[in-house]
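File shown: structure.cif. Contents: mmCIF, C-alpha atoms.
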data_run
#
loop_
_atom_site.label_atom_id
_atom_site.label_comp_id
_atom_site.auth_asym_id
_atom_site.auth_seq_id
_atom_site.Cartn_x
_atom_site.Cartn_y
_atom_site.Cartn_z
CA MET A 1 0.00 0.00 0.00
CA ILE A 2 2.81 2.39 0.85
CA LEU A 3 4.42 1.29 -2.34
CA LEU A 4 1.29 2.21 -4.30
CA ALA A 5 1.19 5.60 -2.64
CA LEU A 6 4.82 6.26 -3.49
CA VAL A 7 4.27 5.17 -7.09
CA GLY A 8 1.35 7.55 -7.37
CA LEU A 9 3.29 10.40 -5.83
CA ALA A 10 6.27 9.82 -8.12
CA LEU A 11 3.96 9.69 -11.12
CA GLY A 12 2.37 12.99 -10.16
CA VAL A 13 5.70 14.67 -9.50
CA ILE A 14 7.11 13.55 -12.83
CA VAL A 15 4.05 14.70 -14.74
CA GLY A 16 3.91 17.98 -12.82
CA TRP A 17 7.56 18.67 -13.40
CA ASN A 18 7.30 18.15 -17.13
CA LEU A 19 3.96 19.86 -17.58
CA PRO A 20 4.55 23.61 -17.67
CA LEU A 21 1.34 24.49 -15.86
CA ARG A 22 1.28 28.16 -15.11
CA ILE A 23 -1.03 29.36 -12.38
CA PRO A 24 -1.46 33.14 -12.25
CA ALA A 25 -0.33 34.66 -8.97
CA LEU A 26 -3.92 35.61 -8.23
CA HIS A 27 -5.04 31.99 -8.18
CA ALA A 28 -1.95 30.44 -6.64
CA ARG A 29 -3.50 30.82 -3.20
CA TYR A 30 -6.38 28.51 -4.03
CA LEU A 31 -3.98 25.85 -5.16
CA SER A 32 -1.89 26.12 -2.02
CA ILE A 33 -4.96 25.86 0.19
CA ALA A 34 -6.11 22.84 -1.81
CA ILE A 35 -2.69 21.25 -1.35
CA LEU A 36 -2.93 21.79 2.37
CA ALA A 37 -6.32 20.08 2.41
CA GLY A 38 -4.91 17.22 0.36
CA LEU A 39 -1.99 16.79 2.75
CA ASP A 40 -4.42 16.72 5.64
CA SER A 41 -6.39 13.94 3.96
CA VAL A 42 -3.24 11.98 3.26
CA PHE A 43 -2.05 12.17 6.83
CA GLY A 44 -5.55 11.29 8.00
CA GLY A 45 -5.47 8.25 5.73
CA MET A 46 -2.08 7.26 7.10
CA ARG A 47 -3.38 7.41 10.61
CA ALA A 48 -6.48 5.40 9.71
CA GLU A 49 -4.36 2.76 8.03
CA LEU A 50 -2.15 2.42 11.10
CA GLU A 51 -5.18 2.20 13.34
CA GLY A 52 -6.62 -0.45 11.07
CA ARG A 53 -9.73 1.37 9.97
CA PHE A 54 -8.73 2.61 6.54
CA GLU A 55 -11.47 2.83 3.92
CA GLY A 56 -10.43 3.58 0.36
CA VAL A 57 -13.73 5.26 -0.52
CA VAL A 58 -13.73 7.43 2.59
CA PHE A 59 -10.15 8.39 1.93
CA SER A 60 -10.54 9.38 -1.71
CA THR A 61 -13.86 11.19 -1.31
CA GLY A 62 -12.46 13.01 1.70
CA PHE A 63 -9.41 13.98 -0.30
CA PHE A 64 -11.38 15.62 -3.09
CA SER A 65 -14.16 17.14 -1.01
CA ASN A 66 -11.72 18.66 1.49
CA MET A 67 -9.76 20.14 -1.36
CA LEU A 68 -12.80 21.66 -3.02
CA LEU A 69 -14.16 22.91 0.28
CA ALA A 70 -10.90 24.61 1.24
CA ALA A 71 -10.43 26.26 -2.14
CA GLY A 72 -14.10 27.21 -2.29
CA LEU A 73 -13.97 28.71 1.17
CA THR A 74 -11.00 30.79 0.14
CA TYR A 75 -12.80 31.94 -2.98
CA VAL A 76 -15.96 32.90 -1.08
CA GLY A 77 -13.84 34.67 1.52
CA ASP A 78 -12.16 36.70 -1.20
CA LYS A 79 -15.52 37.66 -2.65
CA ILE A 80 -17.01 38.86 0.62
CA GLY A 81 -13.81 40.36 2.00
CA VAL A 82 -13.37 37.99 4.92
CA GLU A 83 -10.12 36.12 5.13
CA LEU A 84 -11.81 32.75 5.36
CA TYR A 85 -8.74 30.95 4.10
CA LEU A 86 -7.22 31.57 7.51
CA ALA A 87 -9.90 29.31 8.94
CA ALA A 88 -8.93 26.60 6.47
CA VAL A 89 -5.21 27.03 7.19
CA VAL A 90 -5.66 26.86 10.94
CA ALA A 91 -8.12 23.97 10.94
CA LEU A 92 -6.09 21.92 8.46
CA GLY A 93 -2.78 22.69 10.14
CA VAL A 94 -4.07 21.59 13.52
CA ARG A 95 -5.50 18.43 12.03
CA ILE A 96 -2.27 17.57 10.27
CA PHE A 97 -0.42 17.74 13.55
CA GLN A 98 -3.06 15.68 15.32
CA ASN A 99 -3.09 13.05 12.62
CA VAL A 100 0.67 12.74 12.46
CA GLY A 101 0.82 12.51 16.24
CA ALA A 102 -1.80 9.76 16.30
CA ALA A 103 -0.08 7.91 13.49
CA ARG A 104 3.21 8.01 15.37
CA HIS A 105 1.45 6.76 18.45
CA ALA A 106 -0.12 3.86 16.58
CA LEU A 107 3.20 3.00 14.98
CA LEU A 108 4.97 2.94 18.36
CA VAL A 109 2.24 0.76 19.90
CA ARG A 110 2.55 -1.70 17.05
CA PHE A 111 6.36 -1.71 17.39
CA TRP A 112 6.19 -2.45 21.12
CA LYS A 113 3.64 -5.17 20.66
CA LYS A 114 5.91 -6.93 18.21
CA ARG A 115 8.73 -7.21 20.76
CA MET B 1 -9.27 -1.71 0.07
CA ARG B 2 -7.84 -4.89 -1.28
CA SER B 3 -9.99 -4.44 -4.35
CA ARG B 4 -8.40 -3.39 -7.59
CA SER B 5 -10.40 -0.16 -7.99
CA GLY B 6 -9.37 0.91 -4.50
CA GLN B 7 -5.73 0.55 -5.40
CA VAL B 8 -6.19 2.55 -8.58
CA MET B 9 -7.93 5.22 -6.55
CA LEU B 10 -5.04 5.38 -4.12
CA VAL B 11 -2.50 5.82 -6.91
CA LEU B 12 -4.69 8.45 -8.52
CA VAL B 13 -5.08 10.43 -5.31
CA PHE B 14 -1.38 10.49 -4.68
CA ALA B 15 -0.64 11.30 -8.30
CA ILE B 16 -2.92 14.32 -8.08
CA LEU B 17 -1.29 15.40 -4.84
CA GLY B 18 2.15 15.12 -6.40
CA LEU B 19 1.04 17.00 -9.48
CA MET B 20 -0.35 19.85 -7.42
CA LEU B 21 2.68 19.99 -5.19
CA THR B 22 5.12 20.29 -8.08
CA THR B 23 2.93 22.78 -9.91
CA GLN B 24 2.72 24.98 -6.86
CA PHE B 25 6.43 24.58 -6.19
CA ARG B 26 7.38 25.64 -9.69
CA ASN B 27 4.94 28.53 -9.67
CA GLN B 28 6.27 29.76 -6.38
CA GLN B 29 9.78 29.66 -7.80
CA ARG B 30 8.70 31.58 -10.86
CA LEU B 31 6.82 34.18 -8.85
CA SER B 32 9.61 34.84 -6.42
CA GLY B 33 12.10 34.98 -9.26
CA ALA B 34 10.11 37.55 -11.20
CA ILE B 35 11.27 40.62 -9.31
CA SER B 36 14.34 39.42 -7.57
CA TYR B 37 15.87 41.27 -4.72
CA ARG B 38 19.20 41.28 -6.50
CA ARG B 39 17.76 43.11 -9.48
CA ALA B 40 16.40 45.86 -7.25
CA GLU B 41 19.76 46.18 -5.57
CA GLU B 42 21.49 46.36 -8.92
CA LEU B 43 19.24 49.18 -10.00
CA ALA B 44 19.86 51.02 -6.75
CA ALA B 45 23.60 50.77 -7.33
CA LEU B 46 23.18 52.09 -10.87
CA LEU B 47 21.14 54.99 -9.58
CA LYS B 48 23.77 55.79 -7.00
CA ALA B 49 26.51 55.78 -9.62
CA ALA B 50 24.49 58.02 -11.90
CA GLU B 51 23.82 60.43 -9.06
CA ALA B 52 27.51 60.57 -8.19
CA GLU B 53 28.33 61.32 -11.80
CA ARG B 54 25.68 64.01 -11.89
CA ASP B 55 27.14 65.67 -8.80
CA LEU B 56 30.59 65.56 -10.35
CA LEU B 57 29.33 67.17 -13.53
CA ARG B 58 27.45 69.79 -11.60
CA HIS B 59 30.61 70.65 -9.76
CA GLU B 60 32.46 70.90 -13.05
CA LEU B 61 29.76 73.12 -14.43
CA SER B 62 29.99 75.54 -11.53
CA SER B 63 33.77 75.78 -11.87
CA MET B 64 33.40 76.42 -15.59
CA ARG B 65 30.86 79.12 -14.86
CA LEU B 66 33.31 80.71 -12.48
CA HIS B 67 35.95 80.61 -15.16
CA LEU B 68 33.57 82.19 -17.62
CA ALA B 69 32.77 84.94 -15.16
CA GLN B 70 36.46 85.69 -14.74
CA VAL B 71 36.97 85.85 -18.48
CA THR B 72 34.02 88.15 -18.98
CA ALA B 73 35.15 90.36 -16.11
CA SER B 74 38.64 90.72 -17.53
CA GLU B 75 37.44 91.87 -20.93
CA SER B 76 37.79 95.51 -21.73
CA ALA B 77 35.19 98.17 -21.08
CA ALA B 78 34.08 97.91 -24.70
CA LEU B 79 32.04 94.94 -23.67
CA ASP B 80 30.42 96.67 -20.73
CA ALA B 81 27.14 97.28 -22.46
CA LEU B 82 27.00 93.70 -23.65
CA ASN B 83 27.81 92.49 -20.18
CA ARG B 84 25.04 94.55 -18.68
CA GLU B 85 22.60 93.06 -21.15
CA LEU B 86 23.97 89.61 -20.39
CA GLU B 87 23.53 90.24 -16.68
CA ARG B 88 19.90 91.14 -17.17
CA LEU B 89 19.29 88.07 -19.27
CA ARG B 90 21.06 85.84 -16.79
CA LEU B 91 18.82 87.23 -14.10
CA LEU B 92 15.82 86.37 -16.22
CA ALA B 93 17.09 82.90 -17.01
CA GLY B 94 17.94 82.27 -13.39
CA VAL B 95 21.53 81.22 -14.04
CA SER B 96 22.97 83.76 -11.62
CA ALA B 97 22.34 84.10 -7.93
CA VAL B 98 20.20 87.09 -6.97
CA ARG B 99 19.49 88.99 -3.82
CA GLY B 100 16.82 91.42 -2.74
CA PRO B 101 13.80 91.89 -0.53
CA GLY B 102 10.96 89.42 -0.61
CA VAL B 103 9.14 86.77 1.40
CA THR B 104 9.90 83.35 2.81
CA VAL B 105 7.06 80.84 2.75
CA ILE B 106 7.46 77.78 4.94
CA MET B 107 5.05 74.92 4.33
CA ASP B 108 4.79 71.69 6.28
CA ASP B 109 2.52 68.66 6.31
CA SER B 110 -0.49 68.77 8.55
CA THR B 111 0.06 67.67 12.13
CA ARG B 112 -3.63 67.66 12.84
CA PRO B 113 -4.80 64.35 14.32
CA ARG B 114 -7.03 62.55 11.88
CA SER B 115 -9.41 59.64 12.00
CA ARG B 116 -8.71 56.43 10.15
CA GLN B 117 -11.48 56.84 7.63
CA GLU B 118 -9.96 59.98 6.22
CA ASP B 119 -7.62 59.89 3.27
CA PRO B 120 -4.19 60.85 4.65
CA ASN B 121 -3.28 62.23 1.23
CA VAL B 122 -5.18 65.43 1.74
CA TYR B 123 -3.06 66.29 4.76
CA LEU B 124 0.20 66.15 2.82
CA ILE B 125 1.79 68.77 0.64
CA HIS B 126 1.43 67.93 -3.03
CA ASP B 127 2.98 69.28 -6.16
CA ASP B 128 -0.18 71.18 -7.01
CA ASP B 129 -0.18 72.93 -3.63
CA LEU B 130 3.31 74.17 -4.42
CA LEU B 131 2.24 75.16 -7.91
CA LYS B 132 -0.62 77.20 -6.50
CA VAL B 133 1.70 79.10 -4.16
CA VAL B 134 4.28 79.69 -6.88
CA ASN B 135 1.60 80.82 -9.30
CA GLU B 136 0.27 83.28 -6.75
CA LEU B 137 3.75 84.64 -6.09
CA ARG B 138 4.42 85.09 -9.80
CA ALA B 139 1.07 86.82 -10.24
CA ALA B 140 2.07 89.19 -7.46
CA GLY B 141 5.23 90.14 -9.30
CA ALA B 142 7.86 87.89 -7.81
CA GLU B 143 11.03 88.30 -9.85
CA ALA B 144 12.90 85.21 -8.67
CA ILE B 145 11.65 82.14 -6.83
CA ALA B 146 13.51 79.23 -5.27
CA ILE B 147 12.10 76.18 -3.50
CA ASN B 148 14.37 74.46 -0.99
CA GLY B 149 17.37 75.92 -2.77
CA GLN B 150 16.14 74.97 -6.26
CA ARG B 151 15.85 78.07 -8.39
CA LEU B 152 12.79 78.10 -10.60
CA THR B 153 13.54 78.86 -14.23
CA SER B 154 11.58 78.73 -17.44
CA VAL B 155 12.40 75.02 -17.74
CA SER B 156 11.86 74.03 -14.09
CA GLU B 157 9.25 71.45 -13.25
CA ILE B 158 7.24 70.97 -10.07
CA ARG B 159 6.11 67.44 -10.24
CA CYS B 160 4.91 64.63 -8.03
CA ALA B 161 7.71 62.08 -7.55
CA GLY B 162 6.32 59.38 -5.33
CA PRO B 163 6.49 60.53 -1.72
CA THR B 164 8.54 63.58 -2.70
CA ILE B 165 8.28 66.43 -5.16
CA SER B 166 10.68 66.78 -8.04
CA ILE B 167 11.99 70.26 -8.80
CA ASN B 168 14.78 70.74 -11.35
CA GLY B 169 15.18 66.97 -11.26
CA THR B 170 15.96 67.11 -7.55
CA ARG B 171 13.72 65.51 -4.98
CA VAL B 172 12.35 67.89 -2.42
CA ALA B 173 10.43 66.93 0.70
CA PRO B 174 8.56 68.88 3.37
CA PRO B 175 9.24 71.15 5.12
CA ILE B 176 9.17 73.25 1.98
CA VAL B 177 10.84 76.65 2.07
CA ILE B 178 9.91 78.93 -0.80
CA THR B 179 11.91 82.11 -1.15
CA ALA B 180 10.70 84.78 -3.53
CA ILE B 181 12.16 88.15 -4.39
CA GLY B 182 9.71 90.94 -5.04
CA ASP B 183 7.76 93.55 -3.13
CA PRO B 184 7.35 91.91 0.32
CA GLN B 185 4.07 93.66 1.07
CA THR B 186 2.44 92.66 -2.21
CA LEU B 187 3.72 89.10 -2.08
CA GLU B 188 2.53 88.55 1.46
CA SER B 189 -0.92 89.95 0.94
CA SER B 190 -1.41 88.02 -2.29
CA LEU B 191 -0.84 84.79 -0.44
CA LYS B 192 -2.86 85.73 2.62
CA MET B 193 -5.90 87.18 0.94
CA ARG B 194 -9.24 85.81 2.05
CA GLY B 195 -10.07 82.59 0.23
CA GLY B 196 -6.54 82.61 -1.12
CA VAL B 197 -4.05 79.83 -1.22
CA VAL B 198 -3.03 79.98 2.46
CA ASP B 199 -6.67 79.88 3.48
CA GLN B 200 -7.31 76.86 1.28
CA LEU B 201 -4.33 74.95 2.55
CA SER B 202 -5.03 75.70 6.19
CA LEU B 203 -8.38 74.01 5.66
CA TRP B 204 -6.43 70.75 5.63
CA GLY B 205 -4.20 71.82 8.47
CA ILE B 206 -1.20 72.32 6.18
CA GLU B 207 0.92 74.89 7.91
CA VAL B 208 1.94 77.86 5.80
CA LYS B 209 4.04 80.59 7.36
CA VAL B 210 4.77 83.74 5.38
CA LYS B 211 7.59 85.95 6.55
CA ARG B 212 8.70 89.26 5.05
CA GLU B 213 12.42 89.56 4.45
CA THR B 214 14.58 92.55 3.70
CA ASP B 215 17.46 90.70 2.14
CA LEU B 216 17.16 87.29 0.53
CA LEU B 217 19.81 85.42 -1.39
CA LEU B 218 18.57 83.04 -4.07
CA PRO B 219 20.94 80.49 -5.59
CA ALA B 220 21.56 80.16 -9.30
CA TYR B 221 20.10 77.41 -11.43
CA ASP B 222 22.89 74.86 -11.25
CA ARG B 223 22.00 72.70 -14.23
CA ALA B 224 23.36 73.04 -17.75
CA LEU B 225 21.06 74.75 -20.20
CA ASN B 226 20.94 72.49 -23.21
CA TRP B 227 18.77 73.34 -26.15
CA MET B 228 18.23 70.29 -28.26
CA HIS B 229 15.22 71.38 -30.25
CA ALA B 230 14.75 75.11 -29.94
CA ARG B 231 17.08 77.47 -31.81
CA PRO B 232 16.90 81.22 -32.17
CA ALA B 233 14.82 82.51 -35.07
CA GLU B 234 15.65 85.71 -36.93
CA GLU B 235 14.29 88.92 -35.51
CA GLY B 236 10.74 89.49 -36.70
CA GLY B 237 10.60 86.04 -38.22
CA ARG B 238 7.13 84.74 -38.77
CA PRO B 239 6.20 81.53 -36.95
#
Please express what this file holds, its structure, as structure tokens.
Amino acid sequence: MILLALVGLALGVIVGWNLPLRIPALHARYLSIAILAGLDSVFGGMRAELEGRFEGVVFSTGFFSNMLLAAGLTYVGDKIGVELYLAAVVALGVRIFQNVGAARHALLVRFWKKR
Amino acid sequence: MRSRSGQVMLVLVFAILGLMLTTQFRNQQRLSGAISYRRAEELAALLKAAEAERDLLRHELSSMRLHLAQVTASESAALDALNRELERLRLLAGVSAVRGPGVTVIMDDSTRPRSRQEDPNVYLIHDDDLLKVVNELRAAGAEAIAINGQRLTSVSEIRCAGPTISINGTRVAPPIVITAIGDPQTLESSLKMRGGVVDQLSLWGIEVKVKRETDLLLPAYDRALNWMHARPAEEGGRP
């Protein structure tokens, strides 16, 4: 499974590096927020996998819907003059830390059990 | 998750993440490289060099003028009439220092406390405020005007230059000191008349102080007079 993830990541990086996609500076923020949401989903999936309750459908739908929600929130915030993207950044950042912490915890528990 | 479609989904999700990451990474690189710090520094160095050269040339010009003055002074009395005419014209052109009675006008930005909703721009001295004062002084018969040591000539500009004002290509910032030679009484009252320029400016809290002087010394225009397009036409020549 980790192997699959790495293959996918490498594929994306190679394509992205060779595809000269230019995002105007105005829209770069949406992409960065979407990336943050995607990272959050990935770390959440990692944690779920380590805790033994990973669901492929939940993971992939969460990935896309979080991304769209974060970018959409930023867009709406821009339109109404409220910096809503801050909410997305804070919420996602906190969750990334929580997920990584839980994943580490699960990994350590598994390691100790093995011994 | 052991199903085949689940695995494809996983690869796809990570591929998209990787794609977005690299795209954003490359864009960020491009954006930060667009106006690099080094370029700005380079330009600042160029500007500094150009300014140093300008100062050098200005110095050279003033020494040449001195030399010219010595030569003209040493010529025989046969040239006296010509010299007198030259003196008058130099006075008009502003290329010689002049002295005489007049007024000093000191202008400074408003110190009045203002609320946040108000545009701070209206409390600052702008090029058009200066133009109004200079215009009024000229209308009142000022014969020579200098702003912060920059003598106004027929080719001088008073122009907005970012946070400063450009006069004779030199940046000038508040406090602004305008010295004008003319009849002190007339000059002062022209500025201070009701509804006049001082009244208007004080509306915004811009401080304008007018002081009568008995003896003012105005510097000469210290730039070379180069005529690239205009040349003298014959007397009585039709346009």
_Residues within 12 Å of B:Asp199, please, as a list in words. Count only C-alpha atoms; anything in the same chain fewer than 2 positions from it doesn't count._
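That gives Asp129, Lys132, Val133, Ser189, Ser190, Leu191, Lys192, Met193, Arg194, Gly195, Gly196, Val197, Leu201, Ser202, Leu203, Trp204, Gly205, Ile206, Glu207, Val208 and Lys209 of chain B.
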*Once you count all atoms listed in the file, which residues of chain B turn out to be within 10 Å of chain A? Could you give them as a PyMOL selection string?*
chain B and resi 1-3+5-28+30-31
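From atom CA of B:Ile147 back to atom CA of B:Val177, the distance works out to 5.7 Å.
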*For A:Leu107, please output as a ChimeraX atom specification all residues within 12 Å (counting only C-alpha atoms; exclusion window: fewer than 3 positions along the same chain).*
/A:46-52,100-104,110-114
_Atomic separation - atom CA of B:Arg223 relative to atom CA of B:Asp55, Å_ = 10.3 Å
*Pull the neighbourhood of (18.8, 86.0, -15.0) for me: all residues within 12 Å in file coordinates, counting all atoms listed in the file, as a VMD selection string.*
chain B and resid 84 to 99 143 to 145 151 to 154 218 to 221
*the PyMOL selection byres ((chain B and resi 176) around 7) on the file shown: which residues, as a PyMOL selection string?*
chain B and resi 106-108+147-148+173-175+177-178
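One finds atom CA of A:His27 at 22.6 Å from atom CA of A:Gly62.
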